[in-house]
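> File protein_2.cif below, mmCIF, N, CA, C and O atoms:
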data_run
#
loop_
_atom_site.label_atom_id
_atom_site.label_comp_id
_atom_site.auth_asym_id
_atom_site.auth_seq_id
_atom_site.Cartn_x
_atom_site.Cartn_y
_atom_site.Cartn_z
N THR A 1 -9.14 76.16 84.96
CA THR A 1 -9.12 75.44 86.21
C THR A 1 -7.67 75.23 86.63
O THR A 1 -6.78 75.16 85.79
N THR A 2 -7.44 75.12 87.90
CA THR A 2 -6.07 74.97 88.39
C THR A 2 -5.84 73.69 89.16
O THR A 2 -4.72 73.19 89.19
N ASP A 3 -6.87 73.13 89.79
CA ASP A 3 -6.71 71.87 90.51
C ASP A 3 -6.66 70.72 89.50
O ASP A 3 -7.36 70.73 88.50
N GLU A 4 -5.84 69.72 89.81
CA GLU A 4 -5.69 68.58 88.89
C GLU A 4 -7.01 67.82 88.73
O GLU A 4 -7.45 67.57 87.62
N ARG A 5 -7.64 67.45 89.81
CA ARG A 5 -8.94 66.76 89.77
C ARG A 5 -9.96 67.62 90.50
O ARG A 5 -9.68 68.13 91.57
N ASP A 6 -11.14 67.75 89.93
CA ASP A 6 -12.16 68.55 90.60
C ASP A 6 -13.49 68.38 89.89
O ASP A 6 -13.56 67.80 88.81
N ILE A 7 -14.53 68.90 90.53
CA ILE A 7 -15.87 68.93 89.95
C ILE A 7 -16.33 70.38 89.95
O ILE A 7 -16.29 71.05 90.97
N GLU A 8 -16.75 70.86 88.79
CA GLU A 8 -17.26 72.22 88.65
C GLU A 8 -18.77 72.15 88.50
O GLU A 8 -19.29 71.29 87.78
N TYR A 9 -19.47 73.07 89.16
CA TYR A 9 -20.92 73.20 89.05
C TYR A 9 -21.20 74.58 88.48
O TYR A 9 -20.83 75.59 89.08
N LEU A 10 -21.85 74.63 87.31
CA LEU A 10 -22.10 75.89 86.63
C LEU A 10 -23.57 76.03 86.26
O LEU A 10 -24.24 75.04 85.98
N LYS A 11 -24.05 77.27 86.23
CA LYS A 11 -25.37 77.57 85.69
C LYS A 11 -25.12 78.43 84.45
O LYS A 11 -24.44 79.46 84.54
N VAL A 12 -25.64 77.98 83.30
CA VAL A 12 -25.43 78.71 82.05
C VAL A 12 -26.78 79.03 81.42
O VAL A 12 -27.79 78.38 81.72
N THR A 13 -26.80 80.02 80.54
CA THR A 13 -28.03 80.47 79.91
C THR A 13 -28.24 79.84 78.54
O THR A 13 -29.06 80.32 77.76
N PHE A 14 -27.50 78.78 78.23
CA PHE A 14 -27.61 78.09 76.95
C PHE A 14 -27.36 76.60 77.16
O PHE A 14 -26.77 76.21 78.16
N LYS A 15 -27.80 75.79 76.21
CA LYS A 15 -27.55 74.35 76.29
C LYS A 15 -26.21 74.05 75.63
O LYS A 15 -26.04 74.26 74.44
N PRO A 16 -25.25 73.56 76.40
CA PRO A 16 -23.95 73.24 75.82
C PRO A 16 -24.05 72.10 74.81
O PRO A 16 -24.83 71.16 75.00
N VAL A 17 -23.28 72.20 73.72
CA VAL A 17 -23.22 71.12 72.74
C VAL A 17 -21.89 70.38 72.84
O VAL A 17 -21.78 69.26 72.38
N SER A 18 -20.89 71.03 73.43
CA SER A 18 -19.62 70.36 73.68
C SER A 18 -18.83 71.11 74.75
O SER A 18 -19.02 72.31 74.94
N ILE A 19 -17.98 70.36 75.43
CA ILE A 19 -17.07 70.93 76.42
C ILE A 19 -15.70 70.34 76.16
O ILE A 19 -15.57 69.13 75.98
N THR A 20 -14.69 71.21 76.11
CA THR A 20 -13.32 70.75 75.94
C THR A 20 -12.47 71.23 77.11
O THR A 20 -12.74 72.28 77.70
N ILE A 21 -11.45 70.45 77.43
CA ILE A 21 -10.45 70.84 78.42
C ILE A 21 -9.10 70.73 77.73
O ILE A 21 -8.73 69.64 77.28
N ASN A 22 -8.43 71.86 77.59
CA ASN A 22 -7.16 71.93 76.86
C ASN A 22 -7.29 71.35 75.46
O ASN A 22 -6.40 70.66 74.97
N GLY A 23 -8.42 71.61 74.80
CA GLY A 23 -8.62 71.17 73.43
C GLY A 23 -9.10 69.73 73.27
O GLY A 23 -9.37 69.29 72.16
N THR A 24 -9.24 68.99 74.36
CA THR A 24 -9.70 67.61 74.30
C THR A 24 -11.18 67.56 74.66
O THR A 24 -11.57 68.05 75.73
N LYS A 25 -11.98 66.97 73.77
CA LYS A 25 -13.43 66.90 74.01
C LYS A 25 -13.73 66.03 75.23
O LYS A 25 -13.16 64.96 75.41
N THR A 26 -14.62 66.54 76.07
CA THR A 26 -15.06 65.84 77.28
C THR A 26 -16.42 65.20 76.97
O THR A 26 -17.30 65.85 76.42
N PRO A 27 -16.62 63.92 77.33
CA PRO A 27 -17.88 63.26 76.97
C PRO A 27 -19.06 63.69 77.83
O PRO A 27 -18.90 64.00 79.01
N LEU A 28 -20.25 63.71 77.22
CA LEU A 28 -21.50 63.88 77.95
C LEU A 28 -21.82 62.53 78.57
O LEU A 28 -21.83 61.51 77.88
N VAL A 29 -22.05 62.50 79.88
CA VAL A 29 -22.27 61.24 80.61
C VAL A 29 -23.59 61.31 81.37
O VAL A 29 -24.13 62.39 81.61
N GLU A 30 -24.08 60.17 81.78
CA GLU A 30 -25.31 60.08 82.57
C GLU A 30 -25.04 60.25 84.06
O GLU A 30 -25.85 60.79 84.79
N ASP A 31 -23.90 59.75 84.51
CA ASP A 31 -23.56 59.67 85.93
C ASP A 31 -22.53 60.74 86.29
O ASP A 31 -21.46 60.78 85.69
N ARG A 32 -22.85 61.59 87.27
CA ARG A 32 -21.94 62.68 87.63
C ARG A 32 -20.65 62.20 88.29
O ARG A 32 -19.72 62.97 88.47
N THR A 33 -20.58 60.92 88.65
CA THR A 33 -19.34 60.41 89.25
C THR A 33 -18.36 59.93 88.18
O THR A 33 -17.22 59.62 88.49
N THR A 34 -18.80 59.88 86.93
CA THR A 34 -17.95 59.47 85.81
C THR A 34 -17.27 60.69 85.21
O THR A 34 -17.86 61.77 85.17
N GLN A 35 -16.05 60.51 84.72
CA GLN A 35 -15.35 61.63 84.07
C GLN A 35 -16.17 62.09 82.87
O GLN A 35 -16.56 61.29 82.02
N GLY A 36 -16.46 63.38 82.80
CA GLY A 36 -17.24 63.96 81.73
C GLY A 36 -18.13 65.06 82.28
O GLY A 36 -17.84 65.64 83.32
N TYR A 37 -19.23 65.34 81.58
CA TYR A 37 -20.13 66.38 82.05
C TYR A 37 -21.59 65.95 81.92
O TYR A 37 -21.92 65.08 81.12
N THR A 38 -22.43 66.54 82.75
CA THR A 38 -23.87 66.32 82.71
C THR A 38 -24.56 67.65 82.51
O THR A 38 -24.01 68.71 82.85
N ILE A 39 -25.78 67.58 81.97
CA ILE A 39 -26.60 68.78 81.75
C ILE A 39 -27.97 68.52 82.34
O ILE A 39 -28.56 67.46 82.11
N LYS A 40 -28.48 69.50 83.08
CA LYS A 40 -29.83 69.41 83.64
C LYS A 40 -30.58 70.69 83.29
O LYS A 40 -30.12 71.79 83.62
N PRO A 41 -31.72 70.58 82.60
CA PRO A 41 -32.51 71.78 82.29
C PRO A 41 -33.05 72.43 83.56
O PRO A 41 -33.44 71.75 84.50
N LEU A 42 -33.05 73.75 83.57
CA LEU A 42 -33.58 74.55 84.67
C LEU A 42 -34.69 75.44 84.13
O LEU A 42 -34.84 75.60 82.91
N PRO A 43 -35.48 76.07 85.00
CA PRO A 43 -36.51 77.00 84.54
C PRO A 43 -35.90 78.16 83.74
O PRO A 43 -34.72 78.47 83.87
N ASN A 44 -36.72 78.76 82.90
CA ASN A 44 -36.35 79.94 82.11
C ASN A 44 -35.28 79.69 81.07
O ASN A 44 -34.57 80.61 80.66
N GLY A 45 -35.11 78.43 80.63
CA GLY A 45 -34.15 78.13 79.57
C GLY A 45 -32.71 78.01 80.03
O GLY A 45 -31.81 77.91 79.20
N ASP A 46 -32.47 78.04 81.33
CA ASP A 46 -31.10 77.88 81.84
C ASP A 46 -30.78 76.39 81.99
O ASP A 46 -31.66 75.54 81.93
N TYR A 47 -29.48 76.11 82.22
CA TYR A 47 -29.02 74.73 82.39
C TYR A 47 -28.00 74.66 83.52
O TYR A 47 -27.18 75.57 83.69
N ALA A 48 -28.07 73.56 84.28
CA ALA A 48 -27.06 73.26 85.29
C ALA A 48 -26.08 72.30 84.64
O ALA A 48 -26.47 71.26 84.10
N VAL A 49 -24.80 72.66 84.67
CA VAL A 49 -23.75 71.84 84.07
C VAL A 49 -22.80 71.40 85.17
O VAL A 49 -22.34 72.23 85.96
N THR A 50 -22.53 70.11 85.23
CA THR A 50 -21.55 69.56 86.17
C THR A 50 -20.42 68.96 85.35
O THR A 50 -20.66 68.14 84.47
N ILE A 51 -19.19 69.41 85.63
CA ILE A 51 -18.02 68.89 84.92
C ILE A 51 -17.15 68.14 85.92
O ILE A 51 -16.65 68.73 86.87
N ASN A 52 -17.01 66.84 85.70
CA ASN A 52 -16.15 66.00 86.53
C ASN A 52 -14.89 65.76 85.71
O ASN A 52 -14.91 65.04 84.72
N ARG A 53 -13.79 66.36 86.12
CA ARG A 53 -12.57 66.30 85.31
C ARG A 53 -11.40 65.73 86.11
O ARG A 53 -11.40 65.78 87.34
N VAL A 54 -10.42 65.20 85.37
CA VAL A 54 -9.25 64.60 86.01
C VAL A 54 -7.96 65.33 85.65
O VAL A 54 -6.88 64.86 85.98
N LYS A 55 -8.08 66.46 84.96
CA LYS A 55 -6.89 67.26 84.67
C LYS A 55 -7.25 68.73 84.71
O LYS A 55 -8.41 69.11 84.52
N SER A 56 -6.27 69.56 84.96
CA SER A 56 -6.51 71.00 84.99
C SER A 56 -6.32 71.56 83.59
O SER A 56 -5.79 70.90 82.70
N GLY A 57 -6.76 72.80 83.40
CA GLY A 57 -6.54 73.45 82.12
C GLY A 57 -7.68 74.35 81.72
O GLY A 57 -8.61 74.60 82.49
N LYS A 58 -7.62 74.79 80.48
CA LYS A 58 -8.59 75.73 79.94
C LYS A 58 -9.87 74.97 79.53
O LYS A 58 -9.83 74.06 78.71
N VAL A 59 -11.00 75.37 80.14
CA VAL A 59 -12.29 74.74 79.86
C VAL A 59 -13.07 75.66 78.92
O VAL A 59 -13.22 76.84 79.18
N ILE A 60 -13.56 75.07 77.82
CA ILE A 60 -14.37 75.83 76.86
C ILE A 60 -15.71 75.12 76.70
O ILE A 60 -15.76 73.93 76.39
N ILE A 61 -16.79 75.86 76.93
CA ILE A 61 -18.15 75.35 76.77
C ILE A 61 -18.73 75.99 75.52
O ILE A 61 -18.78 77.21 75.42
N THR A 62 -19.18 75.16 74.57
CA THR A 62 -19.67 75.64 73.29
C THR A 62 -21.17 75.42 73.18
O THR A 62 -21.68 74.37 73.58
N SER A 63 -21.86 76.42 72.60
CA SER A 63 -23.29 76.30 72.33
C SER A 63 -23.50 76.31 70.83
O SER A 63 -22.56 76.46 70.05
N LEU A 64 -24.76 76.17 70.41
CA LEU A 64 -25.07 76.22 68.97
C LEU A 64 -24.89 77.61 68.43
O LEU A 64 -25.02 78.58 69.03
#
As structure tokens, please, write out the structure in this file.

Amino acid sequence: TTDERDIEYLKVTFKPVSITINGTKTPLVEDRTTQGYTIKPLPNGDYAVTINRVKSGKVIITSL
């Protein structure tokens, strides 16, 4: 990511178990307006991931 503050909306084919930005773990949160990420199950085993971040950098999404 390049913008300092932003919200990313992603569709992934796996359930994330952790997300890091520049090596710092980002918390799983209930509210998309809070810094962290949310996960919403979609049909066919996919997931909608929203990342609300306050710094730019390398984002890594990890699955099992």
> Please provide as an mmCIF file with N, CA, C and O atoms, keeping the file's coordinate frame all residues within 9 Å of A:Gly45, with the sequence filter that same-chain residues fewer than 4 positions apart are discarded (counting only C-alpha atoms).

data_model
loop_
_atom_site.group_PDB
_atom_site.id
_atom_site.type_symbol
_atom_site.label_atom_id
_atom_site.label_comp_id
_atom_site.auth_asym_id
_atom_site.auth_seq_id
_atom_site.Cartn_x
_atom_site.Cartn_y
_atom_site.Cartn_z
ATOM 1 N N THR A 13 -26.800 80.020 80.540
ATOM 2 C CA THR A 13 -28.030 80.470 79.910
ATOM 3 C C THR A 13 -28.240 79.840 78.540
ATOM 4 O O THR A 13 -29.060 80.320 77.760
ATOM 5 N N PHE A 14 -27.500 78.780 78.230
ATOM 6 C CA PHE A 14 -27.610 78.090 76.950
ATOM 7 C C PHE A 14 -27.360 76.600 77.160
ATOM 8 O O PHE A 14 -26.770 76.210 78.160
ATOM 9 N N LYS A 15 -27.800 75.790 76.210
ATOM 10 C CA LYS A 15 -27.550 74.350 76.290
ATOM 11 C C LYS A 15 -26.210 74.050 75.630
ATOM 12 O O LYS A 15 -26.040 74.260 74.440
ATOM 13 N N PRO A 41 -31.720 70.580 82.600
ATOM 14 C CA PRO A 41 -32.510 71.780 82.290
ATOM 15 C C PRO A 41 -33.050 72.430 83.560
ATOM 16 O O PRO A 41 -33.440 71.750 84.500
#
> Translate the PyMOL selection byres ((chain A and resi 17) around 5) into a concrete residue list for this structure, as a list in words.
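Applied to this file, the PyMOL selection byres ((chain A and resi 17) around 5) selects Lys15, Pro16, Ser18, Ile19, Thr62 and Ser63 of chain A.
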> Mind checking which residues fall within 6 Å of A:Ile7, counting only N, CA, C and O atoms, ignoring those fewer than 3 positions away in the same chain, and posting them as a list in words?
Ile51, Asn52 and Arg53 of chain A
> As a check of understanding, name the residues that the PyMOL selection byres ((chain A and resi 59) around 5) selects in the supplied structure, as number ranges by chain.
A: 20-21, 57-58, 60-61
> The PyMOL selection byres ((chain A and resi 49) around 5) on the file shown: which residues, as a list of chain:residue names?
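Listing what the PyMOL selection byres ((chain A and resi 49) around 5) selects in the shown file: A:Glu8, A:Tyr9, A:Leu10, A:Lys11, A:Thr38, A:Ile39, A:Tyr47, A:Ala48, A:Thr50, A:Ile51.
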> Mind working out the centre and edge lengths of an axis-aligned box for stretch 36-50 of chain A, all listed atoms inside, 6 Å added to each side, rounded to one decimal in Å and written as AutoDock Vina command-line options?

--center_x -26.6 --center_y 72.0 --center_z 82.7 --size_x 32.3 --size_y 29.2 --size_z 19.0
> Would you mind telling me which residue in A:Val29, A:Leu64, A:Val12, A:Val54 lies nearest to A:Leu42 when using all atoms listed in the file?
A:Val12
> Atom CA of A:Ser56 and atom CA of A:Gly23 are how many Å apart?
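Value for the atom CA of A:Ser56-atom CA of A:Gly23 distance: 11.8 Å.
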> Enter the distance from atom C of A:Pro43 to atom C of A:Glu30, in Å, rounded to one decimal.
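About the pair atom C of A:Pro43 and atom C of A:Glu30: they are 20.9 Å apart.
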> Would you compute the distance between atom CA of A:Arg5 and atom CA of A:Leu28? Give it in Å to one decimal.
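Computing the Euclidean distance for atom CA of A:Arg5 and atom CA of A:Leu28 yields 17.5 Å.
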> Where atoms are missing, can you supply all heavy atoms for stretch 31-42 of chain A and output the lot as a PDB file, in the frame of the given file?

ATOM      1  N   ASP A  31     -23.900  59.750  84.510  1.00  0.00           N
ATOM      2  CA  ASP A  31     -23.560  59.670  85.930  1.00  0.00           C
ATOM      3  C   ASP A  31     -22.530  60.740  86.290  1.00  0.00           C
ATOM      4  O   ASP A  31     -21.460  60.780  85.690  1.00  0.00           O
ATOM      5  CB  ASP A  31     -22.995  58.274  86.211  1.00  0.00           C
ATOM      6  CG  ASP A  31     -22.617  58.060  87.662  1.00  0.00           C
ATOM      7  OD1 ASP A  31     -22.869  58.936  88.505  1.00  0.00           O
ATOM      8  OD2 ASP A  31     -22.063  56.988  87.952  1.00  0.00           O
ATOM      9  N   ARG A  32     -22.850  61.590  87.270  1.00  0.00           N
ATOM     10  CA  ARG A  32     -21.940  62.680  87.630  1.00  0.00           C
ATOM     11  C   ARG A  32     -20.650  62.200  88.290  1.00  0.00           C
ATOM     12  O   ARG A  32     -19.720  62.970  88.470  1.00  0.00           O
ATOM     13  CB  ARG A  32     -22.634  63.685  88.548  1.00  0.00           C
ATOM     14  CG  ARG A  32     -23.701  64.456  87.831  1.00  0.00           C
ATOM     15  CD  ARG A  32     -24.239  65.607  88.590  1.00  0.00           C
ATOM     16  NE  ARG A  32     -24.388  65.399  90.018  1.00  0.00           N
ATOM     17  CZ  ARG A  32     -25.011  66.225  90.818  1.00  0.00           C
ATOM     18  NH1 ARG A  32     -25.541  67.315  90.334  1.00  0.00           N
ATOM     19  NH2 ARG A  32     -25.100  65.973  92.096  1.00  0.00           N
ATOM     20  N   THR A  33     -20.580  60.920  88.650  1.00  0.00           N
ATOM     21  CA  THR A  33     -19.340  60.410  89.250  1.00  0.00           C
ATOM     22  C   THR A  33     -18.360  59.930  88.180  1.00  0.00           C
ATOM     23  O   THR A  33     -17.220  59.620  88.490  1.00  0.00           O
ATOM     24  CB  THR A  33     -19.632  59.247  90.222  1.00  0.00           C
ATOM     25  OG1 THR A  33     -20.215  58.164  89.500  1.00  0.00           O
ATOM     26  CG2 THR A  33     -20.568  59.701  91.335  1.00  0.00           C
ATOM     27  N   THR A  34     -18.800  59.880  86.930  1.00  0.00           N
ATOM     28  CA  THR A  34     -17.950  59.470  85.810  1.00  0.00           C
ATOM     29  C   THR A  34     -17.270  60.690  85.210  1.00  0.00           C
ATOM     30  O   THR A  34     -17.860  61.770  85.170  1.00  0.00           O
ATOM     31  CB  THR A  34     -18.827  58.789  84.729  1.00  0.00           C
ATOM     32  OG1 THR A  34     -19.533  57.713  85.322  1.00  0.00           O
ATOM     33  CG2 THR A  34     -18.000  58.282  83.581  1.00  0.00           C
ATOM     34  N   GLN A  35     -16.050  60.510  84.720  1.00  0.00           N
ATOM     35  CA  GLN A  35     -15.350  61.630  84.070  1.00  0.00           C
ATOM     36  C   GLN A  35     -16.170  62.090  82.870  1.00  0.00           C
ATOM     37  O   GLN A  35     -16.560  61.290  82.020  1.00  0.00           O
ATOM     38  CB  GLN A  35     -13.971  61.196  83.627  1.00  0.00           C
ATOM     39  CG  GLN A  35     -13.207  62.308  82.944  1.00  0.00           C
ATOM     40  CD  GLN A  35     -11.832  61.852  82.471  1.00  0.00           C
ATOM     41  OE1 GLN A  35     -11.303  60.863  82.932  1.00  0.00           O
ATOM     42  NE2 GLN A  35     -11.281  62.580  81.548  1.00  0.00           N
ATOM     43  N   GLY A  36     -16.460  63.380  82.800  1.00  0.00           N
ATOM     44  CA  GLY A  36     -17.240  63.960  81.730  1.00  0.00           C
ATOM     45  C   GLY A  36     -18.130  65.060  82.280  1.00  0.00           C
ATOM     46  O   GLY A  36     -17.840  65.640  83.320  1.00  0.00           O
ATOM     47  N   TYR A  37     -19.230  65.340  81.580  1.00  0.00           N
ATOM     48  CA  TYR A  37     -20.130  66.380  82.050  1.00  0.00           C
ATOM     49  C   TYR A  37     -21.590  65.950  81.920  1.00  0.00           C
ATOM     50  O   TYR A  37     -21.920  65.080  81.120  1.00  0.00           O
ATOM     51  CB  TYR A  37     -19.889  67.709  81.323  1.00  0.00           C
ATOM     52  CG  TYR A  37     -20.341  67.755  79.881  1.00  0.00           C
ATOM     53  CD1 TYR A  37     -21.560  68.327  79.542  1.00  0.00           C
ATOM     54  CD2 TYR A  37     -19.547  67.270  78.858  1.00  0.00           C
ATOM     55  CE1 TYR A  37     -21.981  68.393  78.219  1.00  0.00           C
ATOM     56  CE2 TYR A  37     -19.948  67.329  77.540  1.00  0.00           C
ATOM     57  CZ  TYR A  37     -21.163  67.888  77.231  1.00  0.00           C
ATOM     58  OH  TYR A  37     -21.584  67.952  75.922  1.00  0.00           O
ATOM     59  N   THR A  38     -22.430  66.540  82.750  1.00  0.00           N
ATOM     60  CA  THR A  38     -23.870  66.320  82.710  1.00  0.00           C
ATOM     61  C   THR A  38     -24.560  67.650  82.510  1.00  0.00           C
ATOM     62  O   THR A  38     -24.010  68.710  82.850  1.00  0.00           O
ATOM     63  CB  THR A  38     -24.398  65.648  83.992  1.00  0.00           C
ATOM     64  OG1 THR A  38     -24.150  66.522  85.095  1.00  0.00           O
ATOM     65  CG2 THR A  38     -23.742  64.296  84.236  1.00  0.00           C
ATOM     66  N   ILE A  39     -25.780  67.580  81.970  1.00  0.00           N
ATOM     67  CA  ILE A  39     -26.600  68.780  81.750  1.00  0.00           C
ATOM     68  C   ILE A  39     -27.970  68.520  82.340  1.00  0.00           C
ATOM     69  O   ILE A  39     -28.560  67.460  82.110  1.00  0.00           O
ATOM     70  CB  ILE A  39     -26.762  69.077  80.242  1.00  0.00           C
ATOM     71  CG1 ILE A  39     -25.422  69.294  79.568  1.00  0.00           C
ATOM     72  CG2 ILE A  39     -27.663  70.282  80.040  1.00  0.00           C
ATOM     73  CD1 ILE A  39     -25.531  69.394  78.062  1.00  0.00           C
ATOM     74  N   LYS A  40     -28.480  69.500  83.080  1.00  0.00           N
ATOM     75  CA  LYS A  40     -29.830  69.410  83.640  1.00  0.00           C
ATOM     76  C   LYS A  40     -30.580  70.690  83.290  1.00  0.00           C
ATOM     77  O   LYS A  40     -30.120  71.790  83.620  1.00  0.00           O
ATOM     78  CB  LYS A  40     -29.755  69.253  85.166  1.00  0.00           C
ATOM     79  CG  LYS A  40     -31.107  69.200  85.828  1.00  0.00           C
ATOM     80  CD  LYS A  40     -30.966  69.099  87.333  1.00  0.00           C
ATOM     81  CE  LYS A  40     -32.320  69.211  88.001  1.00  0.00           C
ATOM     82  NZ  LYS A  40     -32.213  69.256  89.450  1.00  0.00           N
ATOM     83  N   PRO A  41     -31.720  70.580  82.600  1.00  0.00           N
ATOM     84  CA  PRO A  41     -32.510  71.780  82.290  1.00  0.00           C
ATOM     85  C   PRO A  41     -33.050  72.430  83.560  1.00  0.00           C
ATOM     86  O   PRO A  41     -33.440  71.750  84.500  1.00  0.00           O
ATOM     87  CB  PRO A  41     -33.667  71.252  81.434  1.00  0.00           C
ATOM     88  CG  PRO A  41     -33.264  69.892  81.001  1.00  0.00           C
ATOM     89  CD  PRO A  41     -32.319  69.374  82.040  1.00  0.00           C
ATOM     90  N   LEU A  42     -33.050  73.750  83.570  1.00  0.00           N
ATOM     91  CA  LEU A  42     -33.580  74.550  84.670  1.00  0.00           C
ATOM     92  C   LEU A  42     -34.690  75.440  84.130  1.00  0.00           C
ATOM     93  O   LEU A  42     -34.840  75.600  82.910  1.00  0.00           O
ATOM     94  CB  LEU A  42     -32.473  75.408  85.289  1.00  0.00           C
ATOM     95  CG  LEU A  42     -31.286  74.679  85.897  1.00  0.00           C
ATOM     96  CD1 LEU A  42     -30.212  75.677  86.299  1.00  0.00           C
ATOM     97  CD2 LEU A  42     -31.729  73.853  87.093  1.00  0.00           C
TER      98      LEU A  42
END
